Each structure stands twice: as C-alpha cells, then as structure tokens.
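Structure first, commentary second.
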Amino acid sequence: MTQDATDRPTPPGSGPTPLTRHLQRLLQRVRAFDRRRPAPWNATLTAFWVLFAVLDVSTRGWRTVALDAQVPQPLVLTMSVAFSAPLLWRRSHPLAVLAVMAPFSLANAWTGAVLQASLLQEIVVFNIAVRLPMRTLARAGVLIAAPLLIASARFPDDWSQLLLPHVWMFAMAALAGIVVRTRKEYTEALVDRADRLERERDQQARLAAAEERTRIAREMHDIIGHNLSVITGLADGGSYAAARSPERAAQALEAIGTTSRQALAELRRLLGVLRDAPEDADRTPQPTLDDLDALLEGVRRAGLPVRLSVRGTPPPHPLGAGRQLTVYRVVQESLTNTLKHAGPAPDLAAAVALVHLPGALEVLITDNGSPRPAAEASAGTGQGITGMRARASLYDGTLEAGPSPAEPGWRVRLRLPLEDSPS
C-alpha cells in the first residue's frame with residue numbers, strides 16, 4: 001500500500017518559514033542599509049514623521065485629544081513641524097534636538113493643544129539610550145519633563161493627561177534602547193572573544209609548528225652530523241691505510257657502507273613519520289642506553305678510541321625513554337664534535353662516564369683534543385651545543401660544555417634528575 005504524500009513527515013527546514021524569521025531577515029536588511037547609507041535612511045524616516053505630523057494637523061485629528069481646541073492652526077502646524085523635522089539630527093546631536101523641541105513642548109502643553117507629534121521626542125530618547133552614557137539619559141528626561149511640569153500649573157485638573165503619556169513613552173523608549181544596547185554590546189563582546197580565540201589558536205598553532213620544526217631540525221642534525229663525521233673519519237683512515245694495508249682500507253669502506261645505510265634508515269624513519277599518517281608511521285623505537293655500545297663501536301671504527309665506564313648504583317627502575325634518548329643524543333653529539341673539532345692528534349681519545357647519583361644521572365664526556373674555536377668555547381653557541389641544552393631542559397636537566405678544568409681537552413657534563421626526584 002502506498003503512503004499518501006500528505007502523511008509523510010516533513011524534513012527539518014523544508015516546511016514553511018516562520019513569520020519571525022521573515023521579520024528578522026527584514027530587520028537585518030534594514031540595519032544593513034542603515035549602516036551602508038545612514039543619510040538616506042535618516043532623511044526617509046524624518047520625512048515620514050513630518051508627513052505624519054502634517055496630516056494630523058490637516059485632518060484636525062489633534063482636536064480629539066486637545067485640552068483647548070481653539071489653538072490657531074498656524075501655531076499647531078509650526079509645533080508639529082518643530083517636533084518632527086529635527087529628527088534628522090537625532091543621532092549626531094540628540095541633546096541639542098531635545099533642547100530645540102523643549103520650547104515647542106512648553107507651548108504645546110501651555111496652549112492645551114496636546115499634539116501627538118510631541119511624543120516623537122521619545123525617538124530621540126531611544127537613540128540616546130542606545131548610543132550615549134546613562135547620565136545623558138537623565139538630562140534628556142529633564143528636557144522632556146520640565147516643560148510639562150510648568151504647563152501643569154495652567155491645567156491642574158488635567159496634569160495626568162499631560163504627564164502620564166510622556167512618562168510611559170519615556171520609560172518604554174529608554175528600556176527598549178537599553179535592551180538594544182545591551183544586546184549589541186553582548187554581540188560585539190562575543191565577536192571580539194571569537195576573534196581573540198582565533199588569534200590565540202593561530203598563535204598556538206604557529207608556536208607548535210615552530211617547536212616541531214626545532215625538534216625535527218635537532219633530530220636531523222644529530223643523525224646526519226654524527227654519521228657524516230663517522231664516515232669522514234673512516235674515509236680519512238681508509239685513504240691513509242690504502243697504500244700500506246689494503247685490507248684495512250677494505251674494512252674502512254665496509255664500515256662506511258654500514259654507517260651510510262644506518263644513516264639512511266634513520267632518515268627514512270624520520271621522514272616517514274612526517275609524511276605518513278600517524279597509524280601508518282614507522283614505530284621503530286628511539287635509541288636508548290642499551291644502544292650506547294653500538295654507538296661507541298661506530299665511533300671507534302671512525303678512528304676515535306672511546307672508553308665507557310659506569311659508576312654508582314643504577315636506580316631500581318630504568319630511566320624513561322625520553323631521558324634515555326637525551327643521554328644517547330648528548331653522547332652522540334659530543335663525540336661528533338670531538339671528531340670534527342678536536343684536531344689531528346696521534347693519541348686522541350675520549351671517555352664516556354655514566355655516574356648514578358642519588359636522584360640524578362650525570363654523564364661526563366671528555367677528550368684530550370685541542371681547544372675548540374673561541375666562540376664555541378666561550379659561549380657554547382654552536383647548533384649542536386644549543387640542541388643538547390634544549391634536550392636537557394626538557395627534563396629539568398643542565399648541561400655544561402667547555403674546556404676540561406684539570407687537563408687539556410674538552411668536557412661535556414649532563415645532569416638529569418630522575419622522574420621521582422624534585423626538580
């Protein structure tokens with residue numbers, strides 16, 4: 001059995017548009033036109049109220065509520081225009097407009113004409129409540145109430161007819177203006193907050209991107225710098241041994257190939273993490289303290305004798321992966337700097353010491369090479385030393401690099417607190 005089209009549920013948004021939505025769209029269009037062209041809108045609105053005031057005079061409708069219907073027609077027309085024409089300046093000079101209307105308001109109440117056009121003063125009150133401070137609203141109330149209070153002395157029995165309509169209209173206009181002003185300020189605050197949050201989000205994204213670029217640059221510097229230094233040492237040793245010991249040259253070439261393949265593998269892993277999605281990235285573990293022996297063996301093959309020593313009692317729980325990677329990279333970068341900067345020396349050697357202290361791990365890397373360049377020795381401004389200090393600071397550690405205090409050579413001292421020790 002087929003279902004009738006009238007029985008089918010109406011999808012959301014496909015039904016008739018509510019009347020309130022049409023009104024909202026109309027108001028938005030009017031406001032947009034007012035923002036784009038305020039002068040034509042002011043002129044149109046003022047012309048409408050002038051026409052309304054003149055029609056009230058020409059049809060003598062004002063006499064139905066007047067206290068004195070014998071007021072001369074030219075005076076009534078003058079007062080009607082005086083209440084409507086100044087609305088053209090209601091936004092730029094609202095208090096001045098009320099001051100201009102005040103004498104005519106006194107004449108209107110004193111003669112007993114009680115023109116409905118006098119209520120147009122509340123349009124000015126609305127504009128004051130929307131745009132000006134609240135104390136200005138009090139001054140506007142004085143300019144409206146003073147003429148009416150003065151004229152009440154002539155019509156003591158009809159004072160309510162003079163005052164009450166203006167009191168109610170003043171309260172409604174002021175309240176409507178305050179509501180519109182509050183909503184406008186609230187909307188502007190929301191827009192400002194959204195803009196501020198967007199700027200903060202963009203700034204955080206830029207900071208995160210800069211931090212990630214720094215981390216990647218540090219990793220690539222450590223990987224490429226170390227392996228190229230080892231390859232350079234192996235190549236120099238191989239060329240020196242080629243004439244005297246061909247088999248040693250062959251060993252050097254084999255070591256160069258092994259080191260190159262290891263460097264390419266590490267670079268592929270790093271670039272793969274950058275290129276692939278997180279679930280597709282290579283999850284090869286980062287180097288740890290267990291990989292120090294392989295690192296030192298590669299340095300020894302490059303021609304730099306290295307001695308490793310461990311002092312103290314290791315903690316019951318091993319260091320975290322991040323701290324172990326920091327120790328590995330600091331040792332790697334320090335030995336790379338020795339290969340590059342220690343200079344040629346027949347008895348050049350280095351030593352790595354892991355010292356387990358209560359609540360901390362201290363790593364000492366020393367060599368007996370020649371002093372480093374003045375800039376690096378005095379300030380430690382090299383990219384490698386800057387990267388080592390950045391790594392140490394991630395775990396509240398400290399790093400010192402400079403000439404050895406007791407003997408010729410260079411010393412790097414890293415101190416890392418344990419995870420459960422206070423920083």
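Chains: A, B, ... in order of the structure tokens. Residues: from 1 per chain. Ligands: from 1, in order shown.
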Shell around A:Ile123 at 9 Å using only C-alpha atoms, local window under 6 positions removed, as number ranges by chain: A: 87, 90, 173
Selection near stretch 181-198 of chain A, 12 Å with only C-alpha atoms, sequence-local residues under 3 positions removed, as a VMD selection string: chain A and resid 126 to 134 174 to 178 201 to 205
Could those selected residues go to a file with all heavy atoms, as a CSV table (one decimal), in the first residue's frame?
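Output file again39.csv is given in full below:
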```csv
chain,number,residue,atom,x,y,z
A,126,PHE,N,15.2,57.2,22.6
A,126,PHE,CA,15.7,55.8,22.2
A,126,PHE,C,17.1,55.9,21.7
A,126,PHE,O,18.0,55.0,22.1
A,126,PHE,CB,14.8,55.2,21.2
A,126,PHE,CG,15.2,53.9,20.6
A,126,PHE,CD1,15.0,52.7,21.3
A,126,PHE,CD2,15.9,53.9,19.4
A,126,PHE,CE1,15.4,51.5,20.8
A,126,PHE,CE2,16.3,52.7,18.9
A,126,PHE,CZ,16.1,51.5,19.6
A,127,ASN,N,17.4,56.8,20.8
A,127,ASN,CA,18.8,56.9,20.3
A,127,ASN,C,19.8,57.3,21.4
A,127,ASN,O,21.0,56.8,21.3
A,127,ASN,CB,18.8,58.0,19.2
A,127,ASN,CG,18.2,57.5,17.9
A,127,ASN,OD1,18.9,57.0,17.0
A,127,ASN,ND2,16.9,57.7,17.7
A,128,ILE,N,19.4,58.1,22.4
A,128,ILE,CA,20.3,58.4,23.5
A,128,ILE,C,20.6,57.1,24.3
A,128,ILE,O,21.8,56.9,24.6
A,128,ILE,CB,19.7,59.5,24.3
A,128,ILE,CG1,19.7,60.8,23.6
A,128,ILE,CG2,20.5,59.7,25.6
A,128,ILE,CD1,19.1,62.0,24.3
A,129,ALA,N,19.6,56.3,24.6
A,129,ALA,CA,19.8,55.1,25.4
A,129,ALA,C,20.6,54.1,24.6
A,129,ALA,O,21.4,53.3,25.3
A,129,ALA,CB,18.4,54.5,25.7
A,130,VAL,N,20.6,54.1,23.3
A,130,VAL,CA,21.4,53.1,22.5
A,130,VAL,C,22.9,53.5,22.4
A,130,VAL,O,23.8,52.7,22.5
A,130,VAL,CB,20.8,53.0,21.1
A,130,VAL,CG1,21.7,52.2,20.2
A,130,VAL,CG2,19.4,52.3,21.2
A,131,ARG,N,23.1,54.9,22.3
A,131,ARG,CA,24.5,55.3,21.9
A,131,ARG,C,25.3,56.1,23.0
A,131,ARG,O,26.5,56.1,22.9
A,131,ARG,CB,24.4,56.1,20.6
A,131,ARG,CG,23.9,55.4,19.4
A,131,ARG,CD,23.8,56.3,18.2
A,131,ARG,NE,23.5,55.5,17.0
A,131,ARG,CZ,22.3,55.1,16.7
A,131,ARG,NH1,21.3,55.5,17.5
A,131,ARG,NH2,22.0,54.4,15.6
A,132,LEU,N,24.6,56.7,23.9
A,132,LEU,CA,25.2,57.6,24.8
A,132,LEU,C,25.2,57.1,26.2
A,132,LEU,O,24.5,56.2,26.6
A,132,LEU,CB,24.6,59.0,24.8
A,132,LEU,CG,24.6,59.7,23.4
A,132,LEU,CD1,23.9,61.1,23.5
A,132,LEU,CD2,26.0,59.9,22.9
A,133,PRO,N,26.1,57.6,27.1
A,133,PRO,CA,26.1,57.2,28.5
A,133,PRO,C,24.7,57.4,29.2
A,133,PRO,O,23.9,58.2,28.8
A,133,PRO,CB,27.2,58.0,29.1
A,133,PRO,CG,28.0,58.5,28.0
A,133,PRO,CD,27.1,58.6,26.8
A,134,MET,N,24.6,56.7,30.3
A,134,MET,CA,23.3,56.7,31.0
A,134,MET,C,23.0,58.1,31.6
A,134,MET,O,21.8,58.5,31.8
A,134,MET,CB,23.3,55.6,32.1
A,134,MET,CG,23.2,54.2,31.6
A,134,MET,SD,21.7,53.8,30.7
A,134,MET,CE,22.3,53.9,29.0
A,174,ALA,N,13.3,54.3,26.7
A,174,ALA,CA,14.6,54.1,27.4
A,174,ALA,C,14.9,52.7,27.6
A,174,ALA,O,16.0,52.2,27.4
A,174,ALA,CB,14.6,54.9,28.8
A,175,LEU,N,13.9,51.9,28.0
A,175,LEU,CA,14.1,50.5,28.2
A,175,LEU,C,14.4,49.8,26.9
A,175,LEU,O,15.3,48.9,26.9
A,175,LEU,CB,12.8,49.9,28.9
A,175,LEU,CG,12.9,48.4,29.2
A,175,LEU,CD1,14.0,48.1,30.2
A,175,LEU,CD2,11.5,47.9,29.7
A,176,ALA,N,13.7,50.1,25.8
A,176,ALA,CA,14.0,49.5,24.5
A,176,ALA,C,15.4,49.8,24.1
A,176,ALA,O,16.1,49.0,23.6
A,176,ALA,CB,13.0,50.0,23.5
A,177,GLY,N,15.8,51.1,24.3
A,177,GLY,CA,17.2,51.4,23.9
A,177,GLY,C,18.2,50.7,24.7
A,177,GLY,O,19.3,50.3,24.2
A,178,ILE,N,18.0,50.5,26.0
A,178,ILE,CA,18.9,49.8,26.9
A,178,ILE,C,19.0,48.3,26.5
A,178,ILE,O,20.1,47.8,26.4
A,178,ILE,CB,18.5,49.9,28.4
A,178,ILE,CG1,18.7,51.4,28.8
A,178,ILE,CG2,19.3,49.0,29.2
A,178,ILE,CD1,18.2,51.7,30.2
A,201,ARG,N,44.4,30.8,18.8
A,201,ARG,CA,44.6,29.4,18.2
A,201,ARG,C,45.6,29.5,17.1
A,201,ARG,O,46.5,28.5,17.0
A,201,ARG,CB,43.2,29.0,17.6
A,201,ARG,CG,43.2,27.6,17.0
A,201,ARG,CD,42.1,27.4,16.1
A,201,ARG,NE,42.1,28.4,15.0
A,201,ARG,CZ,41.1,28.6,14.1
A,201,ARG,NH1,40.0,28.0,14.3
A,201,ARG,NH2,41.3,29.5,13.1
A,202,ASP,N,45.6,30.5,16.3
A,202,ASP,CA,46.6,30.6,15.2
A,202,ASP,C,48.0,30.8,15.8
A,202,ASP,O,49.0,30.2,15.3
A,202,ASP,CB,46.3,31.8,14.3
A,202,ASP,CG,45.0,31.6,13.5
A,202,ASP,OD1,44.6,30.4,13.4
A,202,ASP,OD2,44.4,32.6,13.1
A,203,GLN,N,48.1,31.6,16.9
A,203,GLN,CA,49.4,31.7,17.5
A,203,GLN,C,49.9,30.4,18.1
A,203,GLN,O,51.1,30.1,18.0
A,203,GLN,CB,49.3,32.8,18.6
A,203,GLN,CG,50.7,33.1,19.3
A,203,GLN,CD,50.5,34.2,20.3
A,203,GLN,OE1,49.4,34.6,20.7
A,203,GLN,NE2,51.6,34.7,20.8
A,204,GLN,N,49.0,29.7,18.8
A,204,GLN,CA,49.4,28.4,19.4
A,204,GLN,C,49.8,27.4,18.3
A,204,GLN,O,50.8,26.7,18.4
A,204,GLN,CB,48.3,27.8,20.2
A,204,GLN,CG,48.0,28.6,21.5
A,204,GLN,CD,46.8,28.0,22.2
A,204,GLN,OE1,46.1,27.1,21.7
A,204,GLN,NE2,46.5,28.6,23.4
A,205,ALA,N,49.1,27.5,17.1
A,205,ALA,CA,49.5,26.6,16.0
A,205,ALA,C,50.9,27.0,15.5
A,205,ALA,O,51.7,26.1,15.2
A,205,ALA,CB,48.4,26.7,14.9
```
Nearest to A:Gln121 by atom-to-atom distance, counting only C-alpha atoms, from A:Ala109, A:Leu98, A:Val81, A:Leu162: A:Leu98
